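Undergrad: Structure in structure tokens, see below.
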Amino acid sequence: MKLRLFLILCLGIFANMTVAQTRWFDDKNLTYTGVYYYPEHWDESQWERDFKRMHDLGFEFTHFAEFAWAQLEPEEGKYDFGWLDRAVQLADKYGLKVVMCTSTATPPVWLSRKYSEILIKKEDGTVLDHGARQHASFASPVYRELAYRMIEQLARRYGNDKRIVGWQLDNEPGVQFDYNKAAEEGFRAFLKEKYKDISALNKAWGTAFWSQVYTSFDEITLPKTAQMFMNHHQILDYRRFAARQTTEFLDGQCELIKKYARNQWVTTNYIPNYEEGHIGGSHKLDFVSYTRYMVYGDNEGIGRRGYRVGNPLRIAWANDFFRPVSGTYGVMELQPGQVNWGGINPQPFPGAVRLWLWSVFAGGSDFVCTYRFRQPLYGTEQYHYGIVGTDGTTVTPGGHEYEQFIKEIKKLRNYAREREVKPDCYLARKTAILFNHENSWSISRQKQNRTWSTLGHIDKYYRTLKSFGAPVDFITENADFSEYPVMIVPAYQMADKQLVDRWTEYVKNGGNLVVTCRTAQKDRYGRLPETRFGAMIDELTGNELEFYDLLLPHDPGYVSFAGKTYRWNTWGEILKPGKESEVWAVYEKEFYEGKPAVTFRKLGKGTVTYVGVDSKDGALERDILKKLYTQLGIDTMNLPYGVTMEYRNGFGIVLNYGEKTYQFALPDGAEVLIGDVEIPTAGVLVFKIK
Ligand code: GAL
């Protein structure tokens, strides 16, 4: 009897596990490639020709109804799905699956006129209007209600339709810094829920300072961030509230769809604006996706025409940020050619579109989709390239690069292994970067050095890790730290005892922690704890922080490490090492010459490296990490900036964003499947591992 009960329990757990681990995509197909189509923009007589062409180019799915609310609900409560039904049917005829969208980024005019309270109000008082897009306030209960009504109709109609594989909510939903009345009321409700009592809020926001004290929640307004010296504790809460409006609205949409959806995934297409704080916050989504544009003017690439190829780590960073949120990700929009919205919109370098496609794949994505099939003939995006040009039939250079990529993926499918088949030496380098957008919000209001950049600081570590050929995950505090041999905690300004205890436990159990300057100097409200400055992590790092210094950019200071000198100016902490600290780097040519900037210690089974300074060009960070990984016996590569390498499904993928041809040394027993070991600019090498 007992045994039977035990078996039933085990089976029950197993059943739950399989549900939780259901994957939407299969390893053997590697990735799917799709393309946006707006049937409502084109004469219906052309749809079939267009779907056939998509199919002939190899596309496997298309993407509908993204901005079509006016066509779906032409009058309040009157729906028209006939056109969409016909488009779905024709796409299916040509073997194209459909990603359905919720259209909430473009409310119809009847809505904006009848319910004008839904319009976003900017901080300067401007009220947005019909005629563009994204003018409706997520904080408006009326808007949410109307959106949910339309979504429910859509979900009821297409939720049980096998031709629809998944859903995209809204379009690039960002955090709205909205000063609409509903947002203000929502903010007060949020604060009441959080603090209960106004005195708790006064304490958290430090309102004794400058006579800012409140006597009731009703006196609180949305903070005017443009006003000089506005209370930054208040701004911190406002940003939390604003991010929550977006995450709740998406969760609400997702729940509705899930009521009807059978075996369809739900996601949205975020812009990778890591600092806004909404990505990963909508817990109901099955996974997160992103949109990426690589060439739009003066953005950094390598060399004279590097802007045609794009920033070598722009896609890599997004991959490593999105994948850990739920274990997989897709890219919903990838640039097909010239865009129309940059300051200057150059042609991409021949091969660059394919390079980006492979960059997305390298990070472990399950699909990639391009915006858009046809170049628009009217409207805001007339100069935006598509897979075909203005005549609707001529395939653009980017279109041909998609075609090539799709063919190459189909070839690779013959060799595909499980997703996690990756070499041991690669896995041994796995590193986490702990990230919380709130640190960057908090620092941005009190930088102390205008040349400081939080993301720039993190990038110095990230760039180094990618040159090591290390797999990197950006993780949050919810993650299991113990999965990572090394974890970097960069400029993590806001912390508490629980978090510091978790870092300590990670180290004591064998983890190797790299903590950098500005970490754990404030509490979660952004206040300084009533201790010696920076003392929250003294026991962990083994140091005390004597003071910090900030220098002018045109006259930087010096740090020496292992016989080399490095420059810095944005932030430098002068450390007092404890007995167990090994001093790795010291300041030079200042009144605190010889005092430590970087220390290292052993603690339990692990180590703590404390980097109290932010170097000018990242060279110090690179050499520190190099020494640490060598000491830990972790083998690293030495890829030049511009070349990245990742593994998935038993394949190695090497990408060259550099100016020069790169000669890759193939690992023993590897077999080249695509490209060559001599990788030209915008070239790709894919090999099969043993
Ligand atoms: C994206 C947006 C698309 C389209 C595209 C043009 O940011 O999500 O709808 O406007 O830009 O490049």
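Naming works like this for the structure tokens: A, B, ... for the chains as they're shown, residue 1 at the start of each chain, ligands 1 onward in shown order.
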Residues within 6 Å of ligand 1, counting only C-alpha atoms and all ligand atoms: report them as a ChimeraX atom specification.
TA: /A:171-172,339
Undergrad: Could the residues in this selection be written to a file with N, CA and C atoms, as a JSON list (two decimals), in the first residue's frame?
TA:
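Listing of result27.json after writing:
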[["chain", "number", "residue", "atom", "x", "y", "z"],
["A", 171, "ASN", "N", 3.74, 45.73, -29.06],
["A", 171, "ASN", "CA", 4.96, 45.84, -29.88],
["A", 171, "ASN", "C", 6.00, 46.61, -29.08],
["A", 172, "GLU", "N", 7.14, 45.98, -28.90],
["A", 172, "GLU", "CA", 8.25, 46.60, -28.16],
["A", 172, "GLU", "C", 7.74, 47.35, -26.92],
["A", 339, "VAL", "N", 17.59, 50.83, -42.61],
["A", 339, "VAL", "CA", 16.41, 51.27, -41.86],
["A", 339, "VAL", "C", 16.13, 52.73, -42.24]]
Undergrad: Using the chain letters and numbers from this document, which residues of region 240-453 of chain A does DSSP assign to strand (DSSP E or B), as a ChimeraX atom specification?
TA: /A:265-270,288-292,329-334,367-370,374,388,395,431-434
Undergrad: Save out the residues we just selected, C-alpha atoms, as a PDB file, in the first residue's frame.
TA:
ATOM      1  CA  TRP A 265       3.388  30.060 -26.725  1.00  0.00           C
ATOM      2  CA  VAL A 266       3.087  33.673 -25.629  1.00  0.00           C
ATOM      3  CA  THR A 267       5.893  36.193 -25.694  1.00  0.00           C
ATOM      4  CA  THR A 268       6.548  39.794 -26.568  1.00  0.00           C
ATOM      5  CA  ASN A 269       9.263  41.606 -28.508  1.00  0.00           C
ATOM      6  CA  TYR A 270      11.238  43.793 -26.147  1.00  0.00           C
ATOM      7  CA  VAL A 288      11.112  36.581 -23.829  1.00  0.00           C
ATOM      8  CA  SER A 289      12.113  37.766 -27.293  1.00  0.00           C
ATOM      9  CA  TYR A 290      13.847  40.845 -28.512  1.00  0.00           C
ATOM     10  CA  THR A 291      14.230  43.125 -31.523  1.00  0.00           C
ATOM     11  CA  ARG A 292      17.613  44.192 -32.889  1.00  0.00           C
ATOM     12  CA  TYR A 329      14.514  33.169 -26.444  1.00  0.00           C
ATOM     13  CA  GLY A 330      13.708  34.227 -29.958  1.00  0.00           C
ATOM     14  CA  VAL A 331      14.468  37.319 -31.955  1.00  0.00           C
ATOM     15  CA  MET A 332      11.294  38.825 -33.291  1.00  0.00           C
ATOM     16  CA  GLU A 333      12.767  41.593 -35.423  1.00  0.00           C
ATOM     17  CA  LEU A 334      16.134  41.597 -37.080  1.00  0.00           C
ATOM     18  CA  PHE A 367      13.705  31.409 -33.804  1.00  0.00           C
ATOM     19  CA  VAL A 368      14.562  34.533 -35.674  1.00  0.00           C
ATOM     20  CA  CYS A 369      12.203  36.723 -37.608  1.00  0.00           C
ATOM     21  CA  THR A 370      12.723  39.800 -39.736  1.00  0.00           C
ATOM     22  CA  ARG A 374       7.795  44.223 -48.175  1.00  0.00           C
ATOM     23  CA  VAL A 388      11.591  42.422 -51.194  1.00  0.00           C
ATOM     24  CA  VAL A 395      14.525  40.291 -53.518  1.00  0.00           C
ATOM     25  CA  THR A 431      30.380  32.945 -15.907  1.00  0.00           C
ATOM     26  CA  ALA A 432      27.463  34.851 -14.449  1.00  0.00           C
ATOM     27  CA  ILE A 433      27.081  38.601 -14.313  1.00  0.00           C
ATOM     28  CA  LEU A 434      24.624  39.613 -11.628  1.00  0.00           C
TER      29      LEU A 434
END
Undergrad: Env of Arg527 (chain A): 9 Å cut, atoms = only C-alpha atoms, seq-sep filter 4 positions within chain, self excluded. Answer as a PyMOL selection string.
TA: chain A and resi 204-206+233+494+521-523
Undergrad: For the selection you just gave me, I'd like the residues written to a file as a PDB file, in the first residue's frame, keeping all heavy atoms.
TA:
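Generated output (out_19.pdb):
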ATOM      1  N   ALA A 204      11.515  56.233   4.234  1.00  0.00           N
ATOM      2  CA  ALA A 204      12.169  55.624   3.062  1.00  0.00           C
ATOM      3  C   ALA A 204      12.679  56.691   2.093  1.00  0.00           C
ATOM      4  O   ALA A 204      13.736  56.538   1.496  1.00  0.00           O
ATOM      5  CB  ALA A 204      11.194  54.700   2.350  1.00  0.00           C
ATOM      6  N   TRP A 205      11.926  57.749   1.938  1.00  0.00           N
ATOM      7  CA  TRP A 205      12.304  58.787   0.971  1.00  0.00           C
ATOM      8  C   TRP A 205      13.147  59.902   1.607  1.00  0.00           C
ATOM      9  O   TRP A 205      13.496  60.870   0.933  1.00  0.00           O
ATOM     10  CB  TRP A 205      11.051  59.433   0.355  1.00  0.00           C
ATOM     11  CG  TRP A 205      10.301  58.546  -0.600  1.00  0.00           C
ATOM     12  CD1 TRP A 205      10.535  57.226  -0.856  1.00  0.00           C
ATOM     13  CD2 TRP A 205       9.197  58.939  -1.420  1.00  0.00           C
ATOM     14  NE1 TRP A 205       9.630  56.770  -1.781  1.00  0.00           N
ATOM     15  CE2 TRP A 205       8.791  57.797  -2.154  1.00  0.00           C
ATOM     16  CE3 TRP A 205       8.492  60.127  -1.606  1.00  0.00           C
ATOM     17  CZ2 TRP A 205       7.727  57.807  -3.058  1.00  0.00           C
ATOM     18  CZ3 TRP A 205       7.427  60.147  -2.505  1.00  0.00           C
ATOM     19  CH2 TRP A 205       7.051  58.995  -3.229  1.00  0.00           C
ATOM     20  N   GLY A 206      13.409  59.772   2.895  1.00  0.00           N
ATOM     21  CA  GLY A 206      14.224  60.788   3.554  1.00  0.00           C
ATOM     22  C   GLY A 206      13.639  62.185   3.448  1.00  0.00           C
ATOM     23  O   GLY A 206      14.342  63.164   3.174  1.00  0.00           O
ATOM     24  N   HIS A 233      14.860  59.156  -4.107  1.00  0.00           N
ATOM     25  CA  HIS A 233      14.215  57.952  -3.536  1.00  0.00           C
ATOM     26  C   HIS A 233      12.807  57.820  -4.125  1.00  0.00           C
ATOM     27  O   HIS A 233      12.319  56.731  -4.408  1.00  0.00           O
ATOM     28  CB  HIS A 233      14.131  58.060  -2.008  1.00  0.00           C
ATOM     29  CG  HIS A 233      15.445  58.404  -1.372  1.00  0.00           C
ATOM     30  ND1 HIS A 233      16.430  57.479  -1.185  1.00  0.00           N
ATOM     31  CD2 HIS A 233      15.929  59.581  -0.897  1.00  0.00           C
ATOM     32  CE1 HIS A 233      17.482  58.077  -0.610  1.00  0.00           C
ATOM     33  NE2 HIS A 233      17.189  59.353  -0.430  1.00  0.00           N
ATOM     34  N   MET A 494      22.840  48.772  -4.732  1.00  0.00           N
ATOM     35  CA  MET A 494      21.831  48.585  -3.687  1.00  0.00           C
ATOM     36  C   MET A 494      21.774  47.127  -3.256  1.00  0.00           C
ATOM     37  O   MET A 494      21.565  46.234  -4.078  1.00  0.00           O
ATOM     38  CB  MET A 494      20.482  49.049  -4.194  1.00  0.00           C
ATOM     39  CG  MET A 494      20.503  50.526  -4.553  1.00  0.00           C
ATOM     40  SD  MET A 494      18.855  51.231  -4.632  1.00  0.00           S
ATOM     41  CE  MET A 494      18.222  50.325  -5.956  1.00  0.00           C
ATOM     42  N   GLN A 521      26.703  49.799  -1.387  1.00  0.00           N
ATOM     43  CA  GLN A 521      26.940  51.044  -0.645  1.00  0.00           C
ATOM     44  C   GLN A 521      25.637  51.697  -0.193  1.00  0.00           C
ATOM     45  O   GLN A 521      25.646  52.597   0.632  1.00  0.00           O
ATOM     46  CB  GLN A 521      27.794  51.989  -1.507  1.00  0.00           C
ATOM     47  CG  GLN A 521      29.155  51.330  -1.764  1.00  0.00           C
ATOM     48  CD  GLN A 521      30.108  52.133  -2.616  1.00  0.00           C
ATOM     49  OE1 GLN A 521      29.721  53.099  -3.273  1.00  0.00           O
ATOM     50  NE2 GLN A 521      31.372  51.727  -2.626  1.00  0.00           N
ATOM     51  N   LYS A 522      24.500  51.210  -0.748  1.00  0.00           N
ATOM     52  CA  LYS A 522      23.201  51.770  -0.344  1.00  0.00           C
ATOM     53  C   LYS A 522      22.234  50.640  -0.030  1.00  0.00           C
ATOM     54  O   LYS A 522      22.430  49.503  -0.481  1.00  0.00           O
ATOM     55  CB  LYS A 522      22.623  52.612  -1.480  1.00  0.00           C
ATOM     56  CG  LYS A 522      23.359  53.916  -1.718  1.00  0.00           C
ATOM     57  CD  LYS A 522      22.601  54.789  -2.700  1.00  0.00           C
ATOM     58  CE  LYS A 522      23.249  56.173  -2.800  1.00  0.00           C
ATOM     59  NZ  LYS A 522      22.500  57.038  -3.736  1.00  0.00           N
ATOM     60  N   ASP A 523      21.174  50.979   0.692  1.00  0.00           N
ATOM     61  CA  ASP A 523      20.145  49.969   0.945  1.00  0.00           C
ATOM     62  C   ASP A 523      19.142  49.984  -0.218  1.00  0.00           C
ATOM     63  O   ASP A 523      19.329  50.696  -1.202  1.00  0.00           O
ATOM     64  CB  ASP A 523      19.489  50.163   2.324  1.00  0.00           C
ATOM     65  CG  ASP A 523      18.629  51.428   2.408  1.00  0.00           C
ATOM     66  OD1 ASP A 523      18.318  52.032   1.348  1.00  0.00           O
ATOM     67  OD2 ASP A 523      18.259  51.819   3.528  1.00  0.00           O
TER      68      ASP A 523
END
Undergrad: Excluding Gly398 (chain A) and residues on its chain fewer than 5 positions from it, collect all residues at most 8 Å away from it, counting only C-alpha atoms, and give them as a ChimeraX atom specification.
TA: /A:336-337,353-354,386-387
Undergrad: Between region 409-517 of chain A and region 301-316 of chain A, at 12 Å or less, what are the per-residue closest atom pairs and their distances in Å? Count only C-alpha atoms, order by chain and rising residue number, and return it as a Markdown table.
TA:
| residue | atom | partner | partner_atom | distance |
| --- | --- | --- | --- | --- |
| A:Asp459 | CA | A:Leu313 | CA | 9.3 |
| A:Lys460 | CA | A:Leu313 | CA | 11.6 |
| A:Tyr462 | CA | A:Leu313 | CA | 9.0 |
| A:Arg463 | CA | A:Leu313 | CA | 7.7 |
| A:Thr464 | CA | A:Leu313 | CA | 11.1 |
| A:Leu465 | CA | A:Leu313 | CA | 11.2 |
| A:Lys466 | CA | A:Leu313 | CA | 8.5 |
| A:Ser467 | CA | A:Leu313 | CA | 10.6 |
| A:Gly469 | CA | A:Ala316 | CA | 11.7 |
| A:Ala470 | CA | A:Ala316 | CA | 11.6 |
| A:Pro471 | CA | A:Ala316 | CA | 10.1 |
| A:Val472 | CA | A:Ala316 | CA | 9.4 |
| A:Asp473 | CA | A:Ala316 | CA | 10.5 |
| A:Phe474 | CA | A:Ala316 | CA | 11.3 |
Undergrad: In region 83-211 of chain A, what's alpha helix (DSSP H) per DSSP? Answer as a ChimeraX atom specification?
TA: /A:83-93,109-114,141-158,181-195,198-205
Undergrad: Find the residues around Asn273 (chain A) up to 10 Å (only C-alpha atoms counted), leave out those fewer than 6 positions away in its own chain, and share them as a PyMOL selection string.
TA: chain A and resi 174-175+279+290+318+437
Undergrad: If we count only C-alpha atoms, what is near Leu540 (chain A) at a cut-off of 8 Å, once residues fewer than 3 positions away on the same chain are taken out, given as a ChimeraX atom specification?
TA: /A:500,504,537,608
Undergrad: Considering only C-alpha atoms, return as a PyMOL selection string whatever protein or nucleic-acid residues lie within 12 Å of Glu381 (chain A), sequence-local ones (same chain, fewer than 2 positions apart) excluded.
TA: chain A and resi 132+338-342+371-372+374-379+383-386+390
Undergrad: Any chance you can output those residues with N, CA and C atoms as a PDB file, in the first residue's frame?
TA:
ATOM      1  N   ALA A 132       0.038  58.374 -34.719  1.00  0.00           N
ATOM      2  CA  ALA A 132       1.333  57.687 -34.718  1.00  0.00           C
ATOM      3  C   ALA A 132       1.081  56.302 -34.114  1.00  0.00           C
ATOM      4  N   GLN A 338      18.749  48.423 -45.042  1.00  0.00           N
ATOM      5  CA  GLN A 338      18.705  49.798 -44.522  1.00  0.00           C
ATOM      6  C   GLN A 338      17.447  50.063 -43.692  1.00  0.00           C
ATOM      7  N   VAL A 339      17.593  50.829 -42.610  1.00  0.00           N
ATOM      8  CA  VAL A 339      16.413  51.272 -41.864  1.00  0.00           C
ATOM      9  C   VAL A 339      16.126  52.729 -42.238  1.00  0.00           C
ATOM     10  N   ASN A 340      15.084  53.308 -41.658  1.00  0.00           N
ATOM     11  CA  ASN A 340      14.700  54.669 -42.042  1.00  0.00           C
ATOM     12  C   ASN A 340      14.773  55.647 -40.881  1.00  0.00           C
ATOM     13  N   TRP A 341      15.092  55.143 -39.690  1.00  0.00           N
ATOM     14  CA  TRP A 341      14.910  56.005 -38.516  1.00  0.00           C
ATOM     15  C   TRP A 341      16.208  56.482 -37.871  1.00  0.00           C
ATOM     16  N   GLY A 342      17.369  56.032 -38.396  1.00  0.00           N
ATOM     17  CA  GLY A 342      18.635  56.487 -37.825  1.00  0.00           C
ATOM     18  C   GLY A 342      18.915  57.915 -38.261  1.00  0.00           C
ATOM     19  N   TYR A 371      11.831  41.976 -39.663  1.00  0.00           N
ATOM     20  CA  TYR A 371      10.914  43.065 -39.929  1.00  0.00           C
ATOM     21  C   TYR A 371      11.395  43.712 -41.213  1.00  0.00           C
ATOM     22  N   ARG A 372      10.826  43.555 -42.322  1.00  0.00           N
ATOM     23  CA  ARG A 372       9.560  43.048 -42.717  1.00  0.00           C
ATOM     24  C   ARG A 372       9.630  42.493 -44.122  1.00  0.00           C
ATOM     25  N   ARG A 374       7.818  43.235 -47.091  1.00  0.00           N
ATOM     26  CA  ARG A 374       7.795  44.223 -48.175  1.00  0.00           C
ATOM     27  C   ARG A 374       8.170  45.611 -47.676  1.00  0.00           C
ATOM     28  N   GLN A 375       8.876  46.339 -48.489  1.00  0.00           N
ATOM     29  CA  GLN A 375       9.161  47.738 -48.156  1.00  0.00           C
ATOM     30  C   GLN A 375       7.863  48.537 -48.271  1.00  0.00           C
ATOM     31  N   PRO A 376       7.511  49.324 -47.246  1.00  0.00           N
ATOM     32  CA  PRO A 376       6.244  50.056 -47.295  1.00  0.00           C
ATOM     33  C   PRO A 376       6.248  51.146 -48.374  1.00  0.00           C
ATOM     34  N   LEU A 377       5.100  51.360 -48.982  1.00  0.00           N
ATOM     35  CA  LEU A 377       4.990  52.383 -50.029  1.00  0.00           C
ATOM     36  C   LEU A 377       4.483  53.706 -49.464  1.00  0.00           C
ATOM     37  N   TYR A 378       3.944  53.655 -48.276  1.00  0.00           N
ATOM     38  CA  TYR A 378       3.421  54.877 -47.646  1.00  0.00           C
ATOM     39  C   TYR A 378       3.604  54.746 -46.139  1.00  0.00           C
ATOM     40  N   GLY A 379       3.418  55.871 -45.442  1.00  0.00           N
ATOM     41  CA  GLY A 379       3.511  55.828 -43.983  1.00  0.00           C
ATOM     42  C   GLY A 379       4.913  56.162 -43.499  1.00  0.00           C
ATOM     43  N   TYR A 383      11.171  54.396 -46.215  1.00  0.00           N
ATOM     44  CA  TYR A 383      12.551  54.110 -46.635  1.00  0.00           C
ATOM     45  C   TYR A 383      13.121  52.861 -45.962  1.00  0.00           C
ATOM     46  N   HIS A 384      12.264  52.097 -45.326  1.00  0.00           N
ATOM     47  CA  HIS A 384      12.744  50.908 -44.600  1.00  0.00           C
ATOM     48  C   HIS A 384      12.801  49.716 -45.543  1.00  0.00           C
ATOM     49  N   TYR A 385      13.946  49.088 -45.614  1.00  0.00           N
ATOM     50  CA  TYR A 385      14.082  47.913 -46.477  1.00  0.00           C
ATOM     51  C   TYR A 385      13.232  46.744 -45.981  1.00  0.00           C
ATOM     52  N   GLY A 386      12.940  45.869 -46.930  1.00  0.00           N
ATOM     53  CA  GLY A 386      12.273  44.612 -46.598  1.00  0.00           C
ATOM     54  C   GLY A 386      13.047  43.474 -47.233  1.00  0.00           C
ATOM     55  N   THR A 390      10.341  47.820 -53.308  1.00  0.00           N
ATOM     56  CA  THR A 390       9.092  48.565 -53.473  1.00  0.00           C
ATOM     57  C   THR A 390       8.162  47.955 -54.529  1.00  0.00           C
TER      58      THR A 390
END
Undergrad: Could you tell me which of A:Glu275, A:Asp85, A:Asp124, A:Asp178 comes closest to Ser440 (chain A) if we count only C-alpha atoms?
TA: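 Residue with the minimum atom-to-atom distance to Ser440 (chain A): A:Glu275.
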Undergrad: Hey, which of A:Asn202, A:Glu40, A:Ile409, A:Asn299 ends up closest to Gly82 (chain A)? Count only C-alpha atoms.
TA: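 Checking each candidate against Gly82 (chain A), we get A:Glu40 as the closest.
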Undergrad: By how many Å are CA of Tyr415 (chain A) and CA of Phe25 (chain A) apart?
TA: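 Taking CA of Tyr415 (chain A) and CA of Phe25 (chain A), their separation equals 16.9 Å.
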